[in-house]
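Heads up, entry.txt below (compact mmCIF, C-alpha atoms):
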```
# COMPACT_ATOMS: atom_id res chain seq x y z
CA MET A 47 -5.36 -49.70 -54.08
CA ALA A 48 -8.22 -48.68 -51.83
CA VAL A 49 -11.85 -49.41 -51.16
CA LYS A 50 -14.28 -46.64 -52.07
CA LEU A 51 -16.64 -44.64 -49.90
CA ASN A 52 -20.14 -43.62 -51.00
CA ILE A 53 -20.60 -40.17 -49.48
CA ASN A 54 -24.36 -40.29 -49.99
CA LYS A 55 -24.64 -43.24 -47.62
CA CYS A 56 -21.91 -42.45 -45.08
CA CYS A 57 -23.27 -41.36 -41.68
CA TYR A 58 -19.84 -40.43 -40.25
CA CYS A 59 -20.16 -42.92 -37.41
CA GLY A 60 -16.42 -43.59 -37.56
CA GLY A 61 -16.89 -47.32 -36.98
CA CYS A 62 -14.65 -48.23 -39.91
CA VAL A 63 -11.72 -46.35 -38.40
CA PRO A 64 -10.69 -48.56 -35.47
CA ILE A 65 -11.38 -51.89 -37.19
CA CYS A 66 -9.10 -51.33 -40.17
CA PRO A 67 -6.10 -53.63 -39.62
CA GLU A 68 -3.81 -51.15 -41.42
CA GLY A 69 -5.13 -47.96 -39.82
CA ALA A 70 -5.87 -46.67 -43.31
CA ILE A 71 -9.12 -44.86 -42.45
CA TYR A 72 -9.50 -41.49 -40.76
CA LEU A 73 -12.60 -39.53 -39.71
CA ALA A 74 -12.10 -35.78 -39.73
CA GLU A 75 -15.07 -33.63 -38.78
CA LYS A 76 -17.37 -34.64 -41.65
CA LYS A 77 -15.06 -36.54 -43.95
CA ILE A 78 -13.82 -40.11 -44.11
CA THR A 79 -10.49 -40.57 -45.87
CA ILE A 80 -9.19 -43.97 -46.94
CA ASN A 81 -5.44 -43.95 -47.49
CA GLU A 82 -4.51 -45.70 -50.74
CA LYS A 83 -1.01 -46.35 -49.46
CA TYR A 84 -2.20 -48.49 -46.53
CA CYS A 85 -5.48 -50.03 -47.71
CA THR A 86 -5.03 -53.67 -48.71
CA GLU A 87 -8.69 -54.10 -49.75
CA CYS A 88 -9.12 -56.74 -47.06
CA GLY A 89 -12.82 -55.86 -47.08
CA LEU A 90 -13.39 -55.78 -43.32
CA CYS A 91 -14.77 -52.23 -43.40
CA ILE A 92 -17.07 -53.24 -46.27
CA LYS A 93 -18.50 -56.06 -44.17
CA VAL A 94 -19.11 -54.07 -41.00
CA CYS A 95 -20.33 -50.68 -42.21
CA PRO A 96 -23.84 -50.44 -40.75
CA VAL A 97 -25.18 -48.68 -43.83
CA GLY A 98 -23.10 -50.34 -46.56
CA ALA A 99 -21.33 -47.13 -47.53
CA ILE A 100 -18.06 -48.80 -48.51
CA ASP A 101 -17.39 -51.03 -51.51
CA TYR A 102 -14.53 -52.26 -53.69
CA MET B 1118 2.51 -20.42 -28.66
CA GLU B 1119 -0.35 -20.76 -26.20
CA LYS B 1120 0.51 -22.75 -23.08
CA TYR B 1121 -1.93 -24.91 -21.11
CA ASP B 1122 -1.73 -27.18 -18.11
CA VAL B 1123 -4.07 -29.67 -19.75
CA VAL B 1124 -5.52 -30.17 -23.22
CA VAL B 1125 -8.64 -32.34 -23.33
CA ILE B 1126 -9.32 -33.72 -26.81
CA GLY B 1127 -13.01 -34.36 -27.46
CA ALA B 1128 -16.01 -32.55 -25.94
CA GLY B 1129 -18.34 -35.47 -25.33
CA PRO B 1130 -19.51 -36.26 -21.80
CA ALA B 1131 -16.11 -37.61 -20.67
CA GLY B 1132 -14.11 -34.67 -21.97
CA SER B 1133 -16.50 -32.03 -20.64
CA VAL B 1134 -16.57 -33.55 -17.13
CA ALA B 1135 -12.78 -33.97 -17.03
CA SER B 1136 -12.10 -30.41 -18.19
CA LYS B 1137 -14.62 -28.90 -15.77
CA ILE B 1138 -12.93 -30.56 -12.81
CA ILE B 1139 -9.52 -29.41 -13.98
CA ALA B 1140 -10.75 -25.83 -14.39
CA GLU B 1141 -12.35 -25.96 -10.94
CA GLY B 1142 -8.97 -27.11 -9.63
CA GLY B 1143 -7.56 -23.78 -10.78
CA TYR B 1144 -5.65 -25.02 -13.81
CA LYS B 1145 -5.54 -23.74 -17.39
CA VAL B 1146 -7.39 -26.21 -19.59
CA LEU B 1147 -8.27 -26.26 -23.30
CA LEU B 1148 -11.17 -28.44 -24.50
CA LEU B 1149 -11.01 -29.20 -28.24
CA GLU B 1150 -13.86 -30.52 -30.37
CA LYS B 1151 -13.27 -31.36 -34.05
CA ARG B 1152 -16.94 -30.90 -34.94
CA GLN B 1153 -18.54 -27.56 -35.63
CA GLU B 1154 -21.15 -28.13 -32.96
CA ILE B 1155 -20.95 -30.04 -29.69
CA GLY B 1156 -23.42 -32.90 -29.39
CA ARG B 1157 -24.37 -33.12 -33.06
CA PRO B 1158 -24.78 -35.37 -34.90
CA VAL B 1159 -25.93 -37.72 -32.14
CA ARG B 1160 -24.18 -41.11 -32.19
CA CYS B 1161 -26.04 -42.85 -29.41
CA ALA B 1162 -29.31 -44.63 -28.59
CA GLU B 1163 -29.51 -42.20 -25.67
CA GLY B 1164 -30.39 -44.46 -22.73
CA VAL B 1165 -28.78 -43.78 -19.36
CA SER B 1166 -29.42 -44.92 -15.78
CA LYS B 1167 -30.56 -42.23 -13.38
CA LYS B 1168 -27.76 -43.08 -10.94
CA TRP B 1169 -25.09 -41.73 -13.30
CA LEU B 1170 -26.79 -38.38 -13.72
CA ASP B 1171 -27.44 -38.15 -9.97
CA LYS B 1172 -23.76 -38.76 -9.32
CA TYR B 1173 -22.07 -36.59 -11.96
CA THR B 1174 -24.31 -34.08 -13.68
CA GLY B 1175 -27.62 -33.61 -11.91
CA ILE B 1176 -30.78 -33.77 -14.00
CA LYS B 1177 -32.08 -30.99 -16.23
CA ASP B 1178 -35.62 -31.25 -17.64
CA ARG B 1179 -34.49 -30.15 -21.06
CA TRP B 1180 -32.30 -33.25 -21.34
CA ILE B 1181 -35.13 -35.72 -20.71
CA SER B 1182 -36.98 -37.31 -23.62
CA SER B 1183 -38.69 -39.91 -21.43
CA GLU B 1184 -38.53 -41.55 -18.02
CA ILE B 1185 -38.04 -45.29 -17.95
CA GLN B 1186 -39.56 -47.42 -15.24
CA GLY B 1187 -38.95 -50.88 -16.66
CA ALA B 1188 -37.93 -53.09 -19.54
CA LEU B 1189 -39.82 -55.52 -21.75
CA LEU B 1190 -37.47 -58.35 -22.67
CA LYS B 1191 -38.53 -60.22 -25.78
CA SER B 1192 -37.39 -63.08 -27.91
CA TRP B 1193 -37.65 -63.32 -31.69
CA SER B 1194 -40.64 -65.69 -31.36
CA GLY B 1195 -42.70 -63.31 -29.26
CA GLN B 1196 -41.98 -64.61 -25.76
CA LYS B 1197 -41.88 -61.70 -23.37
CA ALA B 1198 -40.86 -60.94 -19.81
CA LEU B 1199 -41.49 -57.68 -18.00
CA MET B 1200 -38.94 -56.21 -15.63
CA GLU B 1201 -40.11 -53.39 -13.34
CA TYR B 1202 -37.10 -51.35 -12.27
CA LYS B 1203 -36.42 -50.65 -8.64
CA GLN B 1204 -36.08 -46.94 -7.90
CA VAL B 1205 -32.28 -47.26 -7.99
CA ASP B 1206 -32.31 -48.82 -11.47
CA LYS B 1207 -34.60 -46.32 -13.16
CA GLY B 1208 -33.36 -44.42 -16.14
CA PHE B 1209 -34.00 -41.94 -18.89
CA ILE B 1210 -33.85 -41.62 -22.60
CA ILE B 1211 -32.11 -38.28 -23.04
CA ASP B 1212 -31.40 -35.83 -25.81
CA ARG B 1213 -27.64 -36.24 -26.27
CA ALA B 1214 -27.37 -33.10 -28.40
CA VAL B 1215 -28.62 -30.88 -25.59
CA PHE B 1216 -26.97 -32.91 -22.84
CA ASP B 1217 -23.50 -32.81 -24.40
CA PHE B 1218 -23.84 -29.13 -25.26
CA ASP B 1219 -24.84 -28.19 -21.71
CA LEU B 1220 -21.98 -30.18 -20.15
CA ALA B 1221 -19.48 -28.37 -22.37
CA ARG B 1222 -21.02 -25.01 -21.52
CA GLU B 1223 -20.80 -25.79 -17.81
CA SER B 1224 -17.14 -26.59 -18.32
CA ALA B 1225 -16.70 -23.27 -20.11
CA ASN B 1226 -18.41 -21.46 -17.24
CA SER B 1227 -15.92 -23.03 -14.83
CA GLY B 1228 -13.02 -21.53 -16.77
CA THR B 1229 -12.25 -24.10 -19.48
CA VAL B 1230 -11.37 -22.65 -22.90
CA VAL B 1231 -13.67 -24.55 -25.28
CA ARG B 1232 -13.08 -24.47 -29.04
CA THR B 1233 -15.20 -26.23 -31.64
CA LYS B 1234 -14.10 -26.98 -35.20
CA ASN B 1235 -10.64 -27.53 -33.74
CA SER B 1236 -9.16 -30.92 -34.53
CA ALA B 1237 -6.03 -32.27 -32.79
CA VAL B 1238 -4.22 -33.94 -35.69
CA ASP B 1239 -0.73 -34.59 -34.35
CA ILE B 1240 1.26 -34.67 -31.15
CA LYS B 1241 4.96 -34.12 -30.52
CA LYS B 1242 6.45 -35.27 -27.22
CA PHE B 1243 9.12 -33.32 -25.37
CA ASP B 1244 10.75 -34.08 -22.01
CA ASP B 1245 8.28 -32.20 -19.87
CA HIS B 1246 5.47 -31.25 -22.22
CA TYR B 1247 3.63 -31.99 -25.44
CA GLU B 1248 3.00 -29.87 -28.51
CA ILE B 1249 -0.43 -30.42 -30.05
CA PHE B 1250 -1.03 -29.57 -33.70
CA ILE B 1251 -4.53 -28.29 -34.30
CA LYS B 1252 -6.37 -27.88 -37.60
CA GLY B 1253 -9.58 -25.99 -38.05
CA LEU B 1254 -10.59 -22.48 -38.96
CA LYS B 1255 -6.98 -21.74 -38.00
CA ASN B 1256 -3.99 -24.08 -38.01
CA TYR B 1257 -1.85 -23.66 -34.93
CA LYS B 1258 -0.11 -25.50 -32.12
CA VAL B 1259 -0.26 -25.34 -28.34
CA LYS B 1260 2.03 -26.46 -25.51
CA THR B 1261 0.60 -28.55 -22.70
CA LYS B 1262 1.83 -30.52 -19.70
CA LEU B 1263 -0.99 -33.06 -19.75
CA ILE B 1264 -3.30 -34.60 -22.35
CA VAL B 1265 -6.68 -36.19 -21.69
CA ALA B 1266 -7.76 -38.22 -24.73
CA ALA B 1267 -11.59 -38.15 -24.85
CA ASP B 1268 -11.77 -38.64 -28.60
CA GLY B 1269 -14.28 -41.46 -28.84
CA ILE B 1270 -14.57 -44.70 -30.78
CA GLU B 1271 -12.66 -43.48 -33.84
CA GLY B 1272 -10.08 -41.59 -31.82
CA LYS B 1273 -6.50 -41.65 -33.06
CA ILE B 1274 -4.96 -39.83 -30.10
CA PRO B 1275 -4.15 -43.08 -28.25
CA SER B 1276 -2.22 -44.41 -31.23
CA LEU B 1277 -0.40 -41.07 -31.58
CA LEU B 1278 0.63 -41.65 -27.95
CA GLY B 1279 1.87 -45.18 -28.68
CA ILE B 1280 -1.21 -47.14 -27.56
CA ASN B 1281 -2.63 -49.76 -29.88
CA ASN B 1282 -6.40 -49.24 -29.84
CA GLN B 1283 -7.32 -51.30 -32.90
CA LEU B 1284 -10.49 -53.32 -32.45
CA LYS B 1285 -10.99 -57.05 -32.90
CA PRO B 1286 -14.15 -57.97 -34.86
CA ASN B 1287 -15.56 -60.03 -32.00
CA ASP B 1288 -15.25 -57.03 -29.70
CA VAL B 1289 -17.41 -54.48 -31.48
CA GLU B 1290 -21.04 -54.06 -32.54
CA TYR B 1291 -22.01 -52.09 -35.62
CA CYS B 1292 -25.28 -50.35 -34.96
CA LEU B 1293 -27.99 -48.44 -36.74
CA ASN B 1294 -30.73 -46.53 -34.96
CA TYR B 1295 -33.69 -44.63 -36.39
CA GLN B 1296 -35.71 -42.13 -34.45
CA LEU B 1297 -39.20 -43.10 -35.57
CA ASP B 1298 -42.23 -40.86 -35.31
CA ASN B 1299 -45.92 -41.65 -35.71
CA VAL B 1300 -45.44 -45.02 -34.00
CA ASP B 1301 -47.33 -46.87 -31.28
CA ILE B 1302 -45.03 -47.53 -28.35
CA LYS B 1303 -45.26 -47.91 -24.58
CA ASN B 1304 -44.07 -44.60 -23.20
CA ASN B 1305 -42.17 -45.51 -20.05
CA TYR B 1306 -40.72 -48.90 -20.92
CA ILE B 1307 -37.83 -49.88 -23.09
CA GLU B 1308 -37.89 -53.03 -25.20
CA MET B 1309 -34.92 -55.29 -25.76
CA ILE B 1310 -35.38 -58.08 -28.28
CA GLY B 1311 -32.98 -60.95 -28.91
CA GLY B 1312 -32.73 -63.36 -31.81
CA ASN B 1313 -30.10 -64.35 -34.34
CA THR B 1314 -32.32 -63.53 -37.29
CA LEU B 1315 -33.15 -60.12 -35.81
CA ALA B 1316 -29.74 -58.91 -34.59
CA PRO B 1317 -26.94 -61.48 -34.83
CA GLY B 1318 -24.67 -61.26 -31.79
CA GLY B 1319 -26.56 -58.20 -30.59
CA TYR B 1320 -30.09 -57.08 -29.81
CA VAL B 1321 -32.88 -54.82 -31.00
CA TRP B 1322 -33.83 -51.90 -28.77
CA ILE B 1323 -36.89 -49.67 -28.66
CA PHE B 1324 -36.31 -46.61 -26.49
CA PRO B 1325 -39.29 -44.24 -26.19
CA LYS B 1326 -38.46 -40.64 -27.07
CA GLY B 1327 -41.86 -39.13 -26.30
CA GLU B 1328 -45.38 -39.10 -27.63
CA ARG B 1329 -45.53 -41.62 -30.51
CA SER B 1330 -41.76 -41.39 -30.92
CA ALA B 1331 -38.92 -43.85 -30.28
CA ASN B 1332 -35.29 -44.65 -30.93
CA VAL B 1333 -35.45 -48.03 -32.68
CA GLY B 1334 -32.16 -49.68 -33.44
CA LEU B 1335 -29.96 -52.72 -33.21
CA GLY B 1336 -26.38 -53.87 -33.10
CA VAL B 1337 -24.75 -56.63 -35.11
CA LEU B 1338 -21.54 -58.20 -33.87
CA ALA B 1339 -18.83 -57.34 -36.40
CA THR B 1340 -18.01 -61.01 -36.98
CA ARG B 1341 -21.60 -61.57 -38.10
CA SER B 1342 -22.02 -58.58 -40.36
CA THR B 1343 -21.71 -58.86 -44.14
CA LYS B 1344 -22.07 -56.31 -46.92
CA ASP B 1345 -25.53 -57.60 -47.82
CA LYS B 1346 -26.67 -58.42 -44.29
CA ASN B 1347 -25.46 -55.44 -42.31
CA ALA B 1348 -27.15 -53.50 -39.52
CA LYS B 1349 -29.33 -51.62 -42.05
CA TYR B 1350 -30.56 -54.85 -43.60
CA TYR B 1351 -31.66 -56.16 -40.20
CA LEU B 1352 -33.13 -52.89 -38.97
CA ASP B 1353 -35.16 -52.27 -42.12
CA LYS B 1354 -36.54 -55.80 -41.94
CA PHE B 1355 -37.56 -55.29 -38.29
CA VAL B 1356 -39.04 -51.84 -38.80
CA GLU B 1357 -41.04 -52.82 -41.89
CA LYS B 1358 -42.64 -55.64 -39.97
CA ARG B 1359 -43.39 -53.80 -36.72
CA PHE B 1360 -44.02 -50.16 -37.60
CA LYS B 1361 -46.27 -49.22 -40.51
CA ASN B 1362 -46.59 -45.59 -41.57
CA LYS B 1363 -43.57 -44.61 -39.56
CA SER B 1364 -41.42 -41.59 -40.35
CA ILE B 1365 -37.67 -41.58 -39.87
CA THR B 1366 -36.74 -38.28 -38.28
CA LYS B 1367 -33.16 -39.11 -37.32
CA VAL B 1368 -30.61 -41.64 -38.61
CA VAL B 1369 -27.89 -42.61 -36.16
CA ALA B 1370 -25.08 -45.01 -37.02
CA GLY B 1371 -22.36 -46.04 -34.64
CA ALA B 1372 -19.87 -48.64 -33.58
CA VAL B 1373 -20.00 -49.69 -29.93
CA THR B 1374 -17.18 -51.64 -28.37
CA VAL B 1375 -18.10 -54.80 -26.46
CA SER B 1376 -14.54 -55.37 -25.30
CA LYS B 1377 -12.55 -55.26 -22.10
CA PRO B 1378 -11.16 -51.81 -21.33
CA LEU B 1379 -7.89 -50.73 -22.95
CA LYS B 1380 -5.00 -52.55 -21.25
CA LYS B 1381 -3.05 -49.32 -20.90
CA MET B 1382 -4.98 -46.07 -20.53
CA VAL B 1383 -2.24 -44.02 -18.93
CA GLY B 1384 1.27 -42.87 -19.82
CA ASP B 1385 3.71 -40.07 -19.05
CA GLY B 1386 1.58 -36.96 -19.28
CA PHE B 1387 -1.64 -38.53 -20.54
CA MET B 1388 -4.84 -40.36 -19.62
CA ILE B 1389 -7.49 -41.89 -21.89
CA VAL B 1390 -11.19 -41.69 -21.00
CA GLY B 1391 -14.65 -42.73 -22.21
CA ASP B 1392 -15.23 -44.64 -25.45
CA SER B 1393 -11.63 -43.96 -26.43
CA ALA B 1394 -10.60 -46.15 -23.47
CA ARG B 1395 -13.12 -48.80 -24.58
CA LEU B 1396 -15.24 -48.41 -21.48
CA THR B 1397 -18.68 -49.15 -22.94
CA ASN B 1398 -20.46 -52.04 -21.20
CA PRO B 1399 -19.66 -55.21 -23.14
CA LEU B 1400 -23.13 -56.72 -22.65
CA THR B 1401 -25.48 -53.76 -23.00
CA GLY B 1402 -23.39 -51.24 -24.92
CA ALA B 1403 -24.18 -48.58 -22.33
CA GLY B 1404 -21.47 -45.94 -22.36
CA ILE B 1405 -22.64 -42.59 -21.05
CA GLY B 1406 -22.28 -43.46 -17.35
CA ASN B 1407 -18.83 -44.97 -17.74
CA ALA B 1408 -17.73 -41.96 -19.77
CA LEU B 1409 -18.89 -39.59 -17.02
CA GLU B 1410 -17.14 -41.57 -14.30
CA SER B 1411 -13.88 -41.91 -16.21
CA GLY B 1412 -13.90 -38.19 -17.02
CA PHE B 1413 -14.44 -37.41 -13.35
CA LEU B 1414 -11.63 -39.72 -12.19
CA ALA B 1415 -9.20 -38.45 -14.83
CA GLY B 1416 -10.03 -34.84 -14.00
CA LYS B 1417 -9.42 -35.47 -10.30
CA ARG B 1418 -6.11 -37.23 -10.92
CA ALA B 1419 -4.99 -34.50 -13.33
CA VAL B 1420 -5.51 -31.90 -10.60
CA GLU B 1421 -3.60 -34.04 -8.10
CA ALA B 1422 -0.77 -34.53 -10.59
CA LEU B 1423 -0.49 -30.81 -11.23
CA ASP B 1424 -0.75 -30.02 -7.49
CA ASN B 1425 2.16 -32.40 -6.91
CA SER B 1426 4.12 -31.38 -10.02
CA ASP B 1427 4.18 -35.06 -11.00
CA ILE B 1428 2.64 -35.94 -14.35
CA SER B 1429 4.52 -39.21 -14.70
CA GLU B 1430 2.83 -42.43 -15.72
CA LYS B 1431 3.60 -43.77 -12.24
CA PHE B 1432 1.54 -41.01 -10.60
CA LEU B 1433 -1.26 -41.02 -13.17
CA LYS B 1434 -1.60 -44.81 -12.97
CA GLU B 1435 -3.81 -44.26 -9.93
CA TYR B 1436 -6.49 -43.19 -12.44
CA GLN B 1437 -6.37 -46.56 -14.18
CA LYS B 1438 -6.33 -48.32 -10.81
CA ASN B 1439 -9.54 -46.49 -9.83
CA ILE B 1440 -11.14 -47.41 -13.15
CA MET B 1441 -10.20 -51.09 -12.82
CA ASN B 1442 -11.50 -51.26 -9.25
CA GLY B 1443 -14.88 -49.90 -10.33
CA ILE B 1444 -16.34 -49.72 -13.82
CA GLY B 1445 -13.35 -51.58 -15.27
CA LYS B 1446 -13.92 -54.56 -13.01
CA THR B 1447 -17.61 -54.56 -13.90
CA SER B 1448 -16.68 -54.45 -17.58
CA LYS B 1449 -14.40 -57.46 -17.22
CA TYR B 1450 -17.26 -59.46 -15.67
CA PHE B 1451 -19.73 -58.33 -18.31
CA TYR B 1452 -17.23 -59.27 -21.01
CA LYS B 1453 -17.28 -62.91 -19.89
CA ILE B 1454 -21.08 -62.81 -19.88
CA LYS B 1455 -21.18 -61.32 -23.35
CA GLU B 1456 -18.79 -63.98 -24.70
CA ALA B 1457 -21.20 -66.64 -23.41
CA PHE B 1458 -24.34 -64.78 -24.51
CA VAL B 1459 -23.34 -64.32 -28.16
CA LYS B 1460 -23.10 -68.12 -28.41
CA PHE B 1461 -26.80 -68.61 -27.59
CA ASP B 1462 -28.80 -70.09 -30.41
CA ASP B 1463 -32.40 -69.04 -31.01
CA LYS B 1464 -33.78 -71.90 -28.94
CA GLU B 1465 -31.69 -70.85 -25.94
CA ILE B 1466 -32.77 -67.22 -26.32
CA ASP B 1467 -36.40 -68.30 -26.44
CA ASN B 1468 -36.04 -70.55 -23.39
CA MET B 1469 -34.33 -67.78 -21.46
CA ILE B 1470 -37.14 -65.28 -22.04
CA LYS B 1471 -39.73 -67.96 -21.29
CA MET B 1472 -38.08 -68.65 -17.91
CA LEU B 1473 -37.86 -64.95 -17.16
CA SER B 1474 -41.54 -64.50 -17.97
CA GLU B 1475 -42.39 -66.79 -15.09
CA ILE B 1476 -40.97 -64.33 -12.57
CA LYS B 1477 -43.01 -61.47 -11.17
CA PRO B 1478 -41.98 -58.18 -12.86
CA ASP B 1479 -41.17 -56.55 -9.52
CA ASP B 1480 -38.87 -59.42 -8.61
CA LEU B 1481 -36.98 -59.52 -11.88
CA ASN B 1482 -33.68 -57.67 -11.91
CA LEU B 1483 -30.44 -57.95 -13.85
CA GLY B 1484 -28.79 -60.34 -11.38
CA LYS B 1485 -31.73 -62.70 -11.44
CA LEU B 1486 -31.97 -62.45 -15.22
CA LEU B 1487 -28.38 -63.47 -15.66
CA LYS B 1488 -28.61 -66.27 -13.08
CA ILE B 1489 -31.49 -67.76 -15.03
CA ALA B 1490 -29.98 -67.18 -18.45
CA PHE B 1491 -26.82 -68.98 -17.48
CA LYS B 1492 -28.09 -71.52 -14.98
CA ASN B 1493 -26.31 -74.35 -16.81
CA ASN B 1494 -23.01 -72.49 -17.07
CA LYS B 1495 -20.97 -73.15 -13.91
CA GLU B 1496 -18.29 -70.61 -14.80
CA ILE B 1497 -20.76 -67.79 -15.31
CA ILE B 1498 -22.77 -68.70 -12.20
CA SER B 1499 -19.69 -68.42 -9.97
CA LEU B 1500 -18.86 -65.13 -11.71
CA LEU B 1501 -22.36 -63.84 -10.98
CA LYS B 1502 -21.93 -64.68 -7.31
CA LYS B 1503 -18.88 -62.38 -7.29
CA MET B 1504 -20.68 -59.63 -9.17
CA PHE B 1505 -23.91 -59.48 -7.25
CA PHE B 1506 -22.62 -60.43 -3.85
```
Could you spell out this file's structure in structure tokens?
Amino acid sequence: MAVKLNINKCCYCGGCVPICPEGAIYLAEKKITINEKYCTECGLCIKVCPVGAIDY
Amino acid sequence: MEKYDVVVIGAGPAGSVASKIIAEGGYKVLLLEKRQEIGRPVRCAEGVSKKWLDKYTGIKDRWISSEIQGALLKSWSGQKALMEYKQVDKGFIIDRAVFDFDLARESANSGTVVRTKNSAVDIKKFDDHYEIFIKGLKNYKVKTKLIVAADGIEGKIPSLLGINNQLKPNDVEYCLNYQLDNVDIKNNYIEMIGGNTLAPGGYVWIFPKGERSANVGLGVLATRSTKDKNAKYYLDKFVEKRFKNKSITKVVAGAVTVSKPLKKMVGDGFMIVGDSARLTNPLTGAGIGNALESGFLAGKRAVEALDNSDISEKFLKEYQKNIMNGIGKTSKYFYKIKEAFVKFDDKEIDNMIKMLSEIKPDDLNLGKLLKIAFKNNKEIISLLKKMFF
């Protein structure tokens, strides 16, 4: 399971990375990856993303 | 395998200052930046007090978007109070893209090896050194005695080194900032606007960027952000109301910690600096100055450690001690103030600005502002006496 990223909205701010309780998110140079193995769909990243780029 | 004395991970202001000092100390230092280009995209509202630049970088004209001589503090209802900065408190809105780039180039000119599009993805610890795995145009690894983690808000290097740097939702603001053009703004004053319907747990800022141009943004405390009412929701509402016919020439998103500094920012063979060490000011979100100072202190201690052939946590701890005696102590005070401030309801915010508006602009400073804002809070008042003594 994993939440989904909308790459048209994502601004690569990296804010979702340190708030994820499972450490499932990573920001490479221009790419956010959400690890399906660790994501529990808790929804915290969905709530905080300043541009609403993440959803279930 | 290439061998270095120090690898600095992240070429923002903290990393560039740290690496420059290490290079000037005669040591072999590698500065890695995962992005293709240093300084871009900008993730900052770009305000910085003059005192930080005077102390650590000097001032180059090409960095300056505007000079700030005061602040207009406003409440959601329209109450306003003007604060004229003393000379020592003046500041600038800068161009972070050019600023960051120049600091990295100065580091390079001092002897640092700078490489962009080089991402440190893993670290292996040995008895007396680290191996750093780097991905980019080439995949390779390097040996190093010391690591300086300057990898910013989303940095994973601390956790690779065994430090838990996960954020609590009450300790971080999620922010959106637009550079707006074709707008009417006061050129040499910043605006800071508070109100729970404008920016819950945070504030709106208007930072002039030049003729008819400004960084307009706000932060929302993570605990008060929802999918439907996120930073963009609040910023669009504010901008629609205040600025007609504006153009959006830059979109900047970012998370800004409003936490105490990392409990542990040092270990055997490593130091953590800047936003990665959670050094942004918990009340204002200001981070550039603290990043510069921490980079400077880490660079200095790295040189001392290498001079003394002692890169142990015990020796490097002096860096953290220096942080906690200076900007770290200030952060701890501001954290208590922030915890009290985010509890203000709209009536309290309004009253605060109203009281501030009754003071002459030349007499209003941060200390006075806080004393008035918290005059009924005994704990904060005694804290302020310590801070501004």
Taking 4 positions as the minimum chain separation for residues in the same chain, which residues sit within 7 Å of Ile1470 (chain B) when counting only C-alpha atoms? Answer as an mmCIF file with C-alpha atoms, in the frame of the given file.
```cif
data_model
loop_
_atom_site.group_PDB
_atom_site.id
_atom_site.type_symbol
_atom_site.label_atom_id
_atom_site.label_comp_id
_atom_site.auth_asym_id
_atom_site.auth_seq_id
_atom_site.Cartn_x
_atom_site.Cartn_y
_atom_site.Cartn_z
ATOM 1 C CA LEU B 1190 -37.470 -58.350 -22.670
ATOM 2 C CA LYS B 1191 -38.530 -60.220 -25.780
ATOM 3 C CA SER B 1192 -37.390 -63.080 -27.910
ATOM 4 C CA GLN B 1196 -41.980 -64.610 -25.760
ATOM 5 C CA LYS B 1197 -41.880 -61.700 -23.370
ATOM 6 C CA ALA B 1198 -40.860 -60.940 -19.810
ATOM 7 C CA ILE B 1466 -32.770 -67.220 -26.320
ATOM 8 C CA SER B 1474 -41.540 -64.500 -17.970
#
```
Long-range neighbours of Cys56 (chain A) as a short mmCIF file (atom, residue, chain, number, x, y, z; two decimals) with C-alpha atoms, in the frame of the given file, 12 Å cut-off, all atoms listed in the file, 6 positions minimum in chain:
```
data_model
loop_
_atom_site.label_atom_id
_atom_site.label_comp_id
_atom_site.auth_asym_id
_atom_site.auth_seq_id
_atom_site.Cartn_x
_atom_site.Cartn_y
_atom_site.Cartn_z
CA LYS A 50 -14.28 -46.64 -52.07
CA CYS A 62 -14.65 -48.23 -39.91
CA LEU A 73 -12.60 -39.53 -39.71
CA LYS A 76 -17.37 -34.64 -41.65
CA LYS A 77 -15.06 -36.54 -43.95
CA ILE A 78 -13.82 -40.11 -44.11
CA THR A 79 -10.49 -40.57 -45.87
CA ILE A 92 -17.07 -53.24 -46.27
CA CYS A 95 -20.33 -50.68 -42.21
CA PRO A 96 -23.84 -50.44 -40.75
CA VAL A 97 -25.18 -48.68 -43.83
CA GLY A 98 -23.10 -50.34 -46.56
CA ALA A 99 -21.33 -47.13 -47.53
CA ILE A 100 -18.06 -48.80 -48.51
CA ASP A 101 -17.39 -51.03 -51.51
CA LEU B 1293 -27.99 -48.44 -36.74
CA VAL B 1368 -30.61 -41.64 -38.61
CA VAL B 1369 -27.89 -42.61 -36.16
CA ALA B 1370 -25.08 -45.01 -37.02
CA GLY B 1371 -22.36 -46.04 -34.64
#
```
I'd like a table as a Markdown table: residues in chain A with an atom no more than 6 Å from chain B, each row giving the shortest atom pair and its distance in Å to one decimal, all atoms listed in the file counted, sorted by chain and rising residue number.
```
| residue | atom | partner | partner_atom | distance |
| --- | --- | --- | --- | --- |
| A:Cys59 | CA | B:Gly1371 | CA | 4.7 |
| A:Gly60 | CA | B:Glu1271 | CA | 5.3 |
| A:Gly61 | CA | B:Ala1372 | CA | 4.7 |
| A:Val63 | CA | B:Glu1271 | CA | 5.5 |
| A:Pro64 | CA | B:Gln1283 | CA | 5.0 |
| A:Ile65 | CA | B:Leu1284 | CA | 5.0 |
| A:Glu75 | CA | B:Arg1152 | CA | 5.1 |
| A:Ile92 | CA | B:Lys1344 | CA | 5.9 |
| A:Lys93 | CA | B:Thr1343 | CA | 4.3 |
| A:Val94 | CA | B:Ser1342 | CA | 5.4 |
| A:Pro96 | CA | B:Ala1348 | CA | 4.7 |
| A:Val97 | CA | B:Lys1349 | CA | 5.4 |
```
*asked:* Please report the interatomic distance between CA of Asn1305 (chain B) and CA of Pro1478 (chain B) in Å with one decimal.
replied: 14.6 Å
*At what distance in Å, to one decimal, does CA of Phe1432 (chain B) lie from CA of Ser1133 (chain B)?*
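These two atoms are separated by 22.5 Å.
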